[in-house]
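As stored in final-v1.cif (mmCIF, C-alpha atoms):
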data_input
loop_
_atom_site.label_atom_id
_atom_site.label_comp_id
_atom_site.auth_asym_id
_atom_site.auth_seq_id
_atom_site.Cartn_x
_atom_site.Cartn_y
_atom_site.Cartn_z
CA MET A 26 46.66 -3.54 7.49
CA SER A 27 46.00 -7.22 6.86
CA PRO A 28 43.40 -8.54 4.40
CA LYS A 29 41.50 -10.06 7.31
CA THR A 30 41.16 -6.67 8.96
CA ARG A 31 39.90 -5.08 5.78
CA SER A 32 37.25 -7.82 5.49
CA ASP A 33 36.19 -7.25 9.07
CA GLN A 34 35.81 -3.55 8.39
CA ALA A 35 33.68 -4.31 5.32
CA ILE A 36 31.27 -6.32 7.45
CA ALA A 37 31.36 -4.05 10.48
CA PRO A 38 28.78 -1.54 9.18
CA HIS A 39 26.10 -4.24 9.45
CA GLY A 40 25.93 -3.89 13.23
CA TRP A 41 23.21 -3.37 15.77
CA VAL A 42 23.60 0.41 15.81
CA GLN A 43 22.95 0.63 12.09
CA ALA A 44 20.02 -1.80 12.44
CA VAL A 45 18.51 0.35 15.21
CA LEU A 46 18.81 3.42 13.01
CA ALA A 47 17.18 1.65 10.05
CA VAL A 48 14.24 0.41 12.11
CA LEU A 49 13.77 3.70 13.95
CA CYS A 50 13.76 5.63 10.67
CA GLY A 51 11.15 3.27 9.25
CA LEU A 52 8.90 3.43 12.30
CA LEU A 53 9.30 7.19 12.61
CA ALA A 54 8.38 7.71 8.96
CA MET A 55 5.24 5.63 9.40
CA VAL A 56 4.20 7.20 12.70
CA VAL A 57 4.69 10.75 11.44
CA THR A 58 2.85 10.05 8.17
CA ALA A 59 -0.05 8.40 10.01
CA ALA A 60 -0.21 11.11 12.67
CA LEU A 61 -0.25 13.95 10.14
CA GLY A 62 -2.86 12.19 8.02
CA LEU A 63 -5.13 11.50 10.97
CA TRP A 64 -4.64 15.06 12.22
CA ALA A 65 -5.74 16.37 8.83
CA ALA A 66 -8.74 14.03 9.01
CA GLY A 67 -9.76 15.48 12.38
CA ALA A 68 -8.83 12.47 14.52
CA THR A 69 -7.32 14.71 17.21
CA ASP A 70 -10.90 15.37 18.37
CA LEU A 71 -11.40 11.75 19.39
CA PRO A 72 -12.36 11.41 23.07
CA ASP A 73 -10.34 9.94 25.94
CA GLY A 74 -6.99 10.85 24.44
CA ALA A 75 -7.37 8.14 21.81
CA PHE A 76 -5.33 9.84 19.09
CA PRO A 77 -1.97 8.13 19.84
CA ARG A 78 -3.68 4.74 19.98
CA VAL A 79 -5.39 5.33 16.65
CA VAL A 80 -2.03 6.32 15.17
CA ALA A 81 -0.53 3.08 16.46
CA ALA A 82 -3.42 1.09 14.99
CA THR A 83 -2.94 2.81 11.64
CA VAL A 84 0.74 1.86 11.56
CA VAL A 85 -0.13 -1.72 12.51
CA THR A 86 -2.61 -2.04 9.64
CA ALA A 87 -0.10 -0.43 7.26
CA VAL A 88 2.20 -3.45 7.60
CA GLY A 89 -0.59 -6.00 7.26
CA GLY A 90 -1.40 -6.25 10.95
CA THR A 91 -4.80 -7.29 12.19
CA ILE A 92 -7.07 -4.93 14.12
CA GLU A 93 -10.03 -6.61 15.82
CA LEU A 94 -13.14 -4.45 16.25
CA SER A 95 -15.62 -5.14 19.01
CA GLY A 96 -18.95 -3.70 20.09
CA ASN A 97 -21.13 -3.74 23.16
CA ALA A 98 -24.56 -2.21 23.61
CA GLY A 99 -26.03 -3.99 26.61
CA GLY A 100 -28.34 -6.97 26.84
CA LEU A 101 -31.09 -5.56 24.59
CA ALA A 102 -28.85 -4.39 21.78
CA ASP A 103 -26.05 -5.67 19.62
CA THR A 104 -23.25 -4.06 17.65
CA GLN A 105 -21.23 -5.46 14.80
CA ALA A 106 -18.16 -3.90 13.27
CA GLY A 107 -15.35 -4.87 10.93
CA LEU A 108 -12.53 -3.12 9.10
CA THR A 109 -10.10 -4.32 6.46
CA VAL A 110 -8.07 -1.58 4.79
CA ILE A 111 -4.36 -0.85 4.40
CA PRO A 112 -3.32 2.85 4.49
CA LEU A 113 -0.79 2.51 1.70
CA SER A 114 0.67 6.01 2.10
CA VAL A 115 1.90 4.94 5.54
CA THR A 116 3.05 1.61 4.12
CA LEU A 117 5.01 3.31 1.36
CA ALA A 118 6.70 5.78 3.72
CA GLY A 119 7.90 2.99 5.98
CA ALA A 120 9.00 0.76 3.11
CA LEU A 121 11.14 3.50 1.53
CA ALA A 122 12.78 4.42 4.85
CA ILE A 123 13.56 0.84 5.89
CA ALA A 124 14.82 -0.07 2.41
CA ALA A 125 17.17 2.92 2.44
CA GLY A 126 18.48 1.97 5.89
CA PHE A 127 18.94 -1.64 4.83
CA LEU A 128 20.83 -0.79 1.63
CA ARG A 129 23.05 2.01 2.93
CA PRO A 130 25.76 -0.19 4.52
CA LEU A 131 25.76 -2.44 1.44
CA ARG A 132 26.47 0.23 -1.14
CA HIS A 133 29.62 0.19 -3.29
CA ARG A 134 29.90 -3.58 -3.16
CA ALA A 135 29.30 -6.11 -5.93
CA VAL A 136 29.01 -9.36 -3.98
CA ALA A 137 27.95 -10.31 -0.45
CA GLY A 138 27.64 -13.74 1.07
CA ALA A 139 24.22 -15.17 1.84
CA ALA A 140 25.16 -15.54 5.53
CA GLU A 141 26.19 -11.90 5.71
CA LEU A 142 22.95 -10.66 4.14
CA ALA A 143 20.89 -12.98 6.32
CA GLY A 144 22.64 -11.77 9.46
CA TRP A 145 22.13 -8.12 8.53
CA ALA A 146 18.46 -8.71 7.74
CA GLY A 147 18.06 -10.74 10.93
CA ARG A 148 19.23 -7.85 13.11
CA ILE A 149 16.71 -5.57 11.48
CA ALA A 150 13.97 -8.21 11.84
CA VAL A 151 14.57 -8.65 15.59
CA LEU A 152 14.39 -4.91 16.25
CA TRP A 153 11.42 -4.55 13.91
CA LEU A 154 9.48 -7.19 15.83
CA LEU A 155 10.23 -5.43 19.13
CA GLY A 156 8.94 -2.14 17.73
CA LEU A 157 5.89 -3.84 16.29
CA ILE A 158 5.09 -5.45 19.64
CA GLY A 159 5.11 -2.03 21.28
CA LEU A 160 2.79 -0.59 18.65
CA ALA A 161 0.47 -3.60 18.79
CA LEU A 162 0.11 -3.43 22.56
CA GLY A 163 -0.61 0.31 22.39
CA ALA A 164 -3.23 0.02 19.64
CA ARG A 165 -6.38 -0.55 21.69
CA GLN A 166 -9.24 1.76 22.62
CA THR A 167 -13.00 1.80 23.32
CA PHE A 168 -15.36 4.57 22.25
CA GLN A 169 -18.90 5.30 23.40
CA LEU A 170 -21.32 6.18 20.59
CA SER A 171 -24.08 8.73 20.79
CA LEU A 172 -27.55 7.65 19.68
CA GLY A 173 -28.49 11.20 18.75
CA ASP A 174 -31.42 13.39 19.79
CA ASN A 175 -34.34 11.30 18.61
CA ALA A 176 -36.66 8.45 19.61
CA LEU A 177 -33.76 6.02 19.43
CA SER A 178 -31.96 8.04 22.10
CA ASP A 179 -35.07 7.94 24.31
CA LEU A 180 -35.24 4.17 23.81
CA GLY A 181 -31.62 3.89 24.85
CA ASP A 182 -32.30 5.89 28.02
CA VAL A 183 -35.26 3.70 28.95
CA PHE A 184 -33.43 0.39 28.52
CA GLY A 185 -29.99 1.59 29.58
CA ILE A 186 -28.46 1.04 26.15
CA SER A 187 -25.05 2.65 25.75
CA PRO A 188 -23.42 1.40 22.54
CA GLU A 189 -19.66 1.11 22.46
CA VAL A 190 -17.20 0.17 19.78
CA GLY A 191 -13.55 -0.56 20.34
CA PHE A 192 -10.48 -1.99 18.70
CA LYS A 193 -7.42 -3.95 19.70
CA THR A 194 -4.58 -5.63 17.90
CA ALA A 195 -4.39 -9.35 17.27
CA VAL A 196 -0.73 -9.56 18.31
CA PRO A 197 0.29 -13.00 16.91
CA GLN A 198 -1.22 -12.33 13.48
CA THR A 199 0.24 -8.83 13.45
CA LEU A 200 3.75 -10.08 14.19
CA CYS A 201 3.46 -12.77 11.53
CA PHE A 202 2.22 -10.46 8.78
CA GLY A 203 4.54 -7.66 9.91
CA LEU A 204 7.54 -9.97 9.56
CA LEU A 205 6.38 -11.09 6.11
CA TRP A 206 5.96 -7.44 5.14
CA LEU A 207 9.51 -6.66 6.27
CA ALA A 208 10.89 -9.64 4.36
CA GLY A 209 9.12 -8.45 1.23
CA VAL A 210 10.54 -4.93 1.62
CA LEU A 211 14.11 -6.16 2.11
CA ILE A 212 13.94 -8.62 -0.79
CA LEU A 213 12.45 -5.99 -3.09
CA ALA A 214 15.15 -3.53 -2.02
CA LEU A 215 17.85 -6.00 -3.07
CA LEU A 216 16.07 -6.64 -6.38
CA VAL A 217 15.59 -2.98 -7.25
CA SER A 218 18.91 -1.46 -6.24
CA ARG A 219 21.63 -1.65 -8.85
CA GLY A 220 24.36 -1.11 -6.27
CA ALA A 221 23.19 -3.69 -3.75
CA PRO A 222 25.34 -6.83 -3.58
CA LEU A 223 23.96 -10.29 -4.17
CA PRO A 224 25.25 -13.74 -3.22
CA PRO A 225 27.42 -15.20 -6.02
CA ARG A 226 24.83 -17.86 -6.87
CA LEU A 227 22.19 -15.20 -7.60
CA LEU A 228 24.31 -12.92 -9.76
CA ARG A 229 23.13 -14.61 -12.95
CA PHE A 230 19.56 -13.45 -12.25
CA GLN A 231 20.29 -9.77 -11.81
CA ALA A 232 20.32 -9.00 -15.54
CA THR A 233 16.74 -10.27 -15.93
CA VAL A 234 15.09 -9.52 -12.58
CA ARG A 235 16.55 -6.19 -11.49
CA PRO A 236 15.59 -4.05 -14.53
CA ALA A 237 11.98 -5.29 -14.42
CA ALA A 238 11.69 -4.83 -10.64
CA TYR A 239 13.16 -1.35 -10.89
CA ALA A 240 10.73 -0.44 -13.67
CA MET A 241 7.73 -1.51 -11.57
CA VAL A 242 8.86 0.52 -8.56
CA VAL A 243 9.36 3.57 -10.78
CA LEU A 244 5.90 3.04 -12.27
CA LEU A 245 4.18 2.84 -8.89
CA LEU A 246 6.05 5.85 -7.51
CA ALA A 247 5.28 7.84 -10.66
CA TYR A 248 1.57 7.26 -10.12
CA VAL A 249 1.83 8.36 -6.50
CA VAL A 250 3.67 11.56 -7.46
CA LEU A 251 1.16 12.26 -10.22
CA GLY A 252 -1.73 11.70 -7.80
CA ILE A 253 -0.21 14.03 -5.21
CA LEU A 254 0.25 16.78 -7.79
CA ILE A 255 -3.34 16.47 -8.98
CA ALA A 256 -4.62 16.45 -5.40
CA LEU A 257 -2.65 19.59 -4.53
CA VAL A 258 -4.00 21.38 -7.60
CA VAL A 259 -7.55 20.38 -6.64
CA ALA A 260 -6.99 21.55 -3.07
CA PHE A 261 -5.58 24.87 -4.26
CA THR A 262 -8.39 25.54 -6.74
CA ARG A 263 -11.42 24.03 -5.00
CA GLY A 264 -10.56 24.07 -1.31
CA HIS A 265 -11.07 21.11 1.07
CA THR A 266 -7.37 21.28 1.95
CA PRO A 267 -7.52 19.23 5.20
CA ALA A 268 -9.43 16.39 3.54
CA THR A 269 -7.02 16.41 0.60
CA LEU A 270 -4.00 16.26 2.91
CA ALA A 271 -5.60 13.37 4.78
CA VAL A 272 -6.02 11.45 1.52
CA ILE A 273 -2.42 12.17 0.48
CA LEU A 274 -0.95 11.09 3.80
CA LEU A 275 -3.14 8.04 4.37
CA GLY A 276 -4.45 6.62 1.11
CA MET A 277 -3.03 8.21 -2.02
CA PRO A 278 -1.53 4.92 -3.33
CA ASN A 279 -4.87 3.20 -2.63
CA LEU A 280 -6.56 5.60 -5.04
CA VAL A 281 -3.94 6.04 -7.77
CA TRP A 282 -3.03 2.36 -7.99
CA LEU A 283 -6.74 1.53 -8.15
CA THR A 284 -7.18 3.94 -11.07
CA PHE A 285 -4.05 2.47 -12.68
CA THR A 286 -5.64 -0.99 -12.76
CA ILE A 287 -8.91 0.45 -14.04
CA GLY A 288 -6.99 2.12 -16.87
CA LEU A 289 -5.64 -1.30 -17.80
CA GLY A 290 -9.23 -2.54 -18.10
CA ALA A 291 -9.59 -4.20 -14.70
CA THR A 292 -12.97 -4.40 -12.98
CA TRP A 293 -13.64 -3.84 -9.30
CA GLU A 294 -16.90 -4.51 -7.49
CA GLY A 295 -18.29 -2.93 -4.36
CA ARG A 296 -20.94 -0.92 -2.63
CA VAL A 297 -21.26 2.06 -0.33
CA GLU A 298 -23.99 2.54 2.27
CA GLY A 299 -24.42 4.98 5.11
CA PRO A 300 -21.73 7.41 6.22
CA PHE A 301 -18.83 5.51 4.67
CA GLY A 302 -17.45 6.62 1.34
CA LEU A 303 -14.38 7.10 -0.79
CA PRO A 304 -12.97 10.61 -0.24
CA MET A 305 -11.80 11.32 -3.78
CA PRO A 306 -12.46 11.34 -6.66
CA HIS A 307 -16.16 11.81 -6.05
CA VAL A 308 -17.16 9.79 -9.12
CA LEU A 309 -15.98 6.57 -7.46
CA ASP A 310 -18.32 7.13 -4.54
CA GLU A 311 -21.20 7.93 -6.89
CA VAL A 312 -20.80 4.69 -8.82
CA LEU A 313 -20.46 2.50 -5.73
CA ARG A 314 -23.45 4.11 -4.02
CA GLY A 315 -25.74 3.49 -6.96
CA SER A 316 -26.75 -0.15 -6.32
CA ASP A 317 -26.34 -3.13 -4.01
CA THR A 318 -23.26 -4.37 -5.88
CA ALA A 319 -21.80 -1.87 -8.32
CA THR A 320 -19.25 -2.52 -11.04
CA LEU A 321 -16.30 -0.16 -11.16
CA ASN A 322 -14.54 -0.08 -14.52
CA LEU A 323 -13.91 2.27 -17.44
CA ARG A 324 -17.40 1.87 -18.87
CA SER A 325 -19.30 2.44 -15.62
CA LEU A 326 -17.15 5.43 -14.69
CA ALA A 327 -17.50 6.92 -18.17
CA GLU A 328 -21.26 7.11 -17.65
CA TYR A 329 -20.58 9.69 -14.93
CA ASP A 330 -17.47 11.36 -16.35
CA GLY A 331 -16.15 10.73 -19.87
CA ARG A 332 -12.68 11.97 -18.93
CA VAL A 333 -11.89 8.60 -17.34
CA TRP A 334 -10.92 7.32 -20.79
CA TRP A 335 -7.76 9.40 -20.38
CA LEU A 336 -6.67 6.77 -17.86
CA VAL A 337 -5.96 4.43 -20.78
CA ALA A 338 -3.67 7.01 -22.40
CA VAL A 339 -1.86 7.73 -19.12
CA ASP A 340 -1.31 4.03 -18.51
CA ALA A 341 0.01 3.54 -22.05
CA VAL A 342 2.47 6.45 -21.82
CA LEU A 343 3.84 5.47 -18.40
CA LEU A 344 4.10 1.80 -19.32
CA LEU A 345 6.04 2.63 -22.47
CA ALA A 346 8.31 4.89 -20.44
CA VAL A 347 9.15 2.22 -17.86
CA ALA A 348 9.47 -0.42 -20.61
CA PHE A 349 12.05 1.82 -22.29
CA LEU A 350 13.80 2.28 -18.95
CA MET A 351 13.83 -1.47 -18.29
CA ALA A 352 15.27 -2.23 -21.72
CA ALA A 353 17.91 0.50 -21.41
CA ARG A 354 19.09 -0.98 -18.10
CA SER A 355 19.27 -4.51 -19.49
CA PRO A 356 22.19 -6.17 -21.33
CA ALA A 357 22.38 -5.51 -25.06
CA ARG A 358 22.22 -9.23 -25.83
CA MET A 359 18.63 -9.49 -24.62
CA ARG A 360 15.98 -9.83 -27.34
CA ALA A 361 12.76 -7.81 -27.62
CA TRP A 362 10.57 -10.84 -26.90
CA GLN A 363 12.53 -11.42 -23.70
CA HIS A 364 11.88 -7.84 -22.59
CA ALA A 365 8.20 -8.35 -23.36
CA LEU A 366 8.06 -11.53 -21.28
CA HIS A 367 9.91 -9.96 -18.35
CA LEU A 368 7.63 -6.92 -18.26
CA ALA A 369 4.53 -9.09 -18.59
CA VAL A 370 5.49 -11.16 -15.55
CA ALA A 371 6.54 -8.11 -13.55
CA LEU A 372 3.38 -6.15 -14.35
CA ALA A 373 1.14 -9.13 -13.61
CA LEU A 374 2.77 -9.56 -10.19
CA THR A 375 2.48 -5.83 -9.55
CA VAL A 376 -1.23 -5.76 -10.34
CA LEU A 377 -1.71 -8.88 -8.21
CA MET A 378 -0.10 -7.03 -5.30
CA ILE A 379 -2.30 -3.97 -5.88
CA CYS A 380 -5.45 -6.10 -5.97
CA LEU A 381 -4.56 -7.93 -2.75
CA MET A 382 -3.54 -4.80 -0.85
CA GLY A 383 -6.19 -2.49 -2.28
CA ARG A 384 -9.24 -4.38 -1.00
CA ILE A 385 -11.49 -2.47 1.38
CA ALA A 386 -14.15 -3.84 3.71
CA ALA A 387 -15.68 -1.70 6.43
CA HIS A 388 -19.01 -2.07 8.21
CA TYR A 389 -20.70 -1.02 11.40
CA GLY A 390 -24.21 -1.82 12.57
CA LEU A 391 -26.34 -1.32 15.66
CA SER A 392 -29.39 -3.48 16.40
CA VAL A 393 -31.84 -2.64 19.20
CA LEU A 394 -34.55 -5.13 20.21
CA GLY A 395 -33.86 -7.14 17.09
CA ILE A 396 -34.25 -4.16 14.75
CA GLY A 397 -31.20 -4.46 12.55
CA ASP A 398 -31.45 -1.39 10.31
CA LEU A 399 -31.76 1.79 12.29
CA GLY A 400 -30.45 4.05 9.54
CA GLY A 401 -28.60 7.28 10.01
CA ASP A 402 -24.96 7.28 11.03
CA LEU A 403 -25.32 4.11 13.12
CA ASN A 404 -25.12 1.71 10.17
CA GLY A 405 -22.85 1.75 7.19
CA GLU A 406 -20.84 -0.41 4.82
CA LEU A 407 -18.06 0.05 2.30
CA VAL A 408 -16.84 -2.87 0.20
CA LEU A 409 -14.37 -2.76 -2.68
CA LYS A 410 -12.76 -5.85 -4.21
CA PRO A 411 -11.28 -6.68 -7.62
CA LYS A 412 -12.01 -9.33 -10.19
CA LEU A 413 -8.55 -10.65 -9.52
CA TRP A 414 -7.54 -12.96 -12.31
CA SER A 415 -8.99 -10.91 -15.14
CA ALA A 416 -7.00 -7.93 -13.84
CA VAL A 417 -3.81 -10.00 -13.70
CA GLY A 418 -4.40 -11.35 -17.20
CA LEU A 419 -4.96 -7.89 -18.66
CA ALA A 420 -1.78 -6.68 -16.94
CA ALA A 421 0.22 -9.50 -18.52
CA LEU A 422 -1.16 -8.59 -21.96
CA TRP A 423 -0.29 -4.91 -21.49
CA GLY A 424 3.16 -5.94 -20.30
CA LEU A 425 3.80 -8.04 -23.39
CA VAL A 426 2.91 -5.21 -25.76
CA ALA A 427 4.62 -2.42 -23.81
CA GLY A 428 7.73 -4.52 -23.18
CA PHE A 429 8.15 -5.35 -26.86
CA VAL A 430 7.60 -1.77 -28.05
CA GLY A 431 9.81 -0.36 -25.29
CA ALA A 432 12.62 -2.71 -26.28
CA LEU A 433 12.42 -1.55 -29.89
CA LEU A 434 12.50 2.09 -28.82
CA ALA A 435 15.48 1.47 -26.52
CA GLY A 436 17.49 -0.43 -29.12
CA PRO A 437 19.90 2.43 -29.93
CA VAL A 438 20.77 2.99 -26.27
CA HIS A 439 21.31 -0.63 -25.22
CA ARG A 440 24.53 -1.18 -23.37
CA GLN A 441 26.25 -4.03 -21.57
CA ASP A 442 26.17 -3.55 -17.78
#
Rewritten as structure tokens:
Amino acid sequence: MSPKTRSDQAIAPHGWVQAVLAVLCGLLAMVVTAALGLWAAGATDLPDGAFPRVVAATVVTAVGGTIELSGNAGGLADTQAGLTVIPLSVTLAGALAIAAGFLRPLRHRAVAGAAELAGWAGRIAVLWLLGLIGLALGARQTFQLSLGDNALSDLGDVFGISPEVGFKTAVPQTLCFGLLWLAGVLILALLVSRGAPLPPRLLRFQATVRPAAYAMVVLLLAYVVLGILIALVVAFTRGHTPATLAVILLGMPNLVWLTFTIGLGATWEGRVEGPFGLPMPHVLDEVLRGSDTATLNLRSLAEYDGRVWWLVAVDAVLLLAVAFLMAARSPARMRAWQHALHLAVALALTVLMICLMGRIAAHYGLSVLGIGDLGGDLNGELVLKPKLWSAVGLAALWGLVAGFVGALLAGPVHRQD
């Protein structure tokens, strides 16, 4: 067998069949996770067979896609609606599946050309966009809302008011953000995996970037696993199993990564009105429902439940653990201050990502004859946003301290990769 043939066989696994499998596994993981989560939340009871379309919309938002909400209530009434939230459980399921499919043909190799990696990623991107187009076109539905059995219902009957709310996908924006999401997943997969090949020009960066990136992924996944275990214990001891499963399958990272930043000292602001609310833990909903704009941090939460101070201890332990792991995977020649700097940058970027992806904005309102606040279940609002740069700064400070201490603890086990 000639050397040229062996080279061809090395590149052959990066074909269209393998790309199809990678994309299908990613989409299937996201669709199944979203469908099970929405089923647990009771979405199968939606009228007009809307469940598959809601599942498609959930997957679209999970990759950063844009869902446009619309309302119509006739000439004498007006509806307004908006929704900005990323179901990060669905996002995480898809990211892990696609990353695994992307890396599998590249394993057991030290170096790969930039053209080869770009071609392999390009195949996946083309198929991913085709799948995303199908989901985006299927994610549209209109629902008719009931005004209830009261005077408002009688008013609606008199004036022929039949409020509706619907959603559809903004296809161009969805494809743009979906492609950026895929690029981020593939790049992060190359950064995290020790066995993934890099172009020769980038090999000099793997000793500094890969251990820190790997440590951050381990940290985020550890919080998700910890959150799932706590949620299952709560469901087993206190009931509410369907609601707990819905949270696990749709928004567990949203909650645990939020609490992670709060444990670091970050502050979030928001408010809750009407039927909207955060499903768990209940203390978050209590704080946000207390005023027009509530502050969500360690001090405000401690006024309702003093156990939140344990978040600081949990953050410290897990950060020291991943700092130790990062240092142990780094070359022995690296100094403690370098570990501290690397972890500070990595943790700051991680918290920045959490803050950008963890924002929530949801509102719905119905106005009849100019009356904008009708109360009940026809109006509601949920807003949650971080104080961004203070959170990033605190993360960098934690990273400096944890990285330095972790490097000292890992000194005896340092080894040259």
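Run against this file, the PyMOL selection byres ((chain A and resi 422) around 12) gives back A:Leu289, A:Gly290, A:Ala291, A:Leu344, A:Ala365, A:Leu366, A:His367, A:Leu368, A:Ala369, A:Val370, A:Ala371, A:Leu372, A:Ala373, A:Val376, A:Ser415, A:Ala416, A:Val417, A:Gly418, A:Leu419, A:Ala420, A:Ala421, A:Trp423, A:Gly424, A:Leu425, A:Val426, A:Ala427, A:Gly428, A:Phe429.
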Q: Taking the file above as input, evaluate the PyMOL selection byres ((chain A and resi 80) around 10) and report the hits as a list in words.
A: Met55, Val56, Val57, Thr58, Ala59, Ala60, Leu61, Gly62, Leu63, Trp64, Ala68, Ala75, Phe76, Pro77, Arg78, Val79, Ala81, Ala82, Thr83, Val84, Val85, Leu160, Gly163 and Ala164 of chain A
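Between atom CA of A:Leu113 and atom CA of A:Leu223 the separation is 28.5 Å.
You will find atom CA of A:Arg132 at 13.7 Å from atom CA of A:Gln43.
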Q.
Using Å and a single decimal, report how far atom CA of A:Ala240 sits from atom CA of A:Glu141.
A.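 Computing the Euclidean distance for atom CA of A:Glu141 and atom CA of A:Ala240 yields 27.3 Å.
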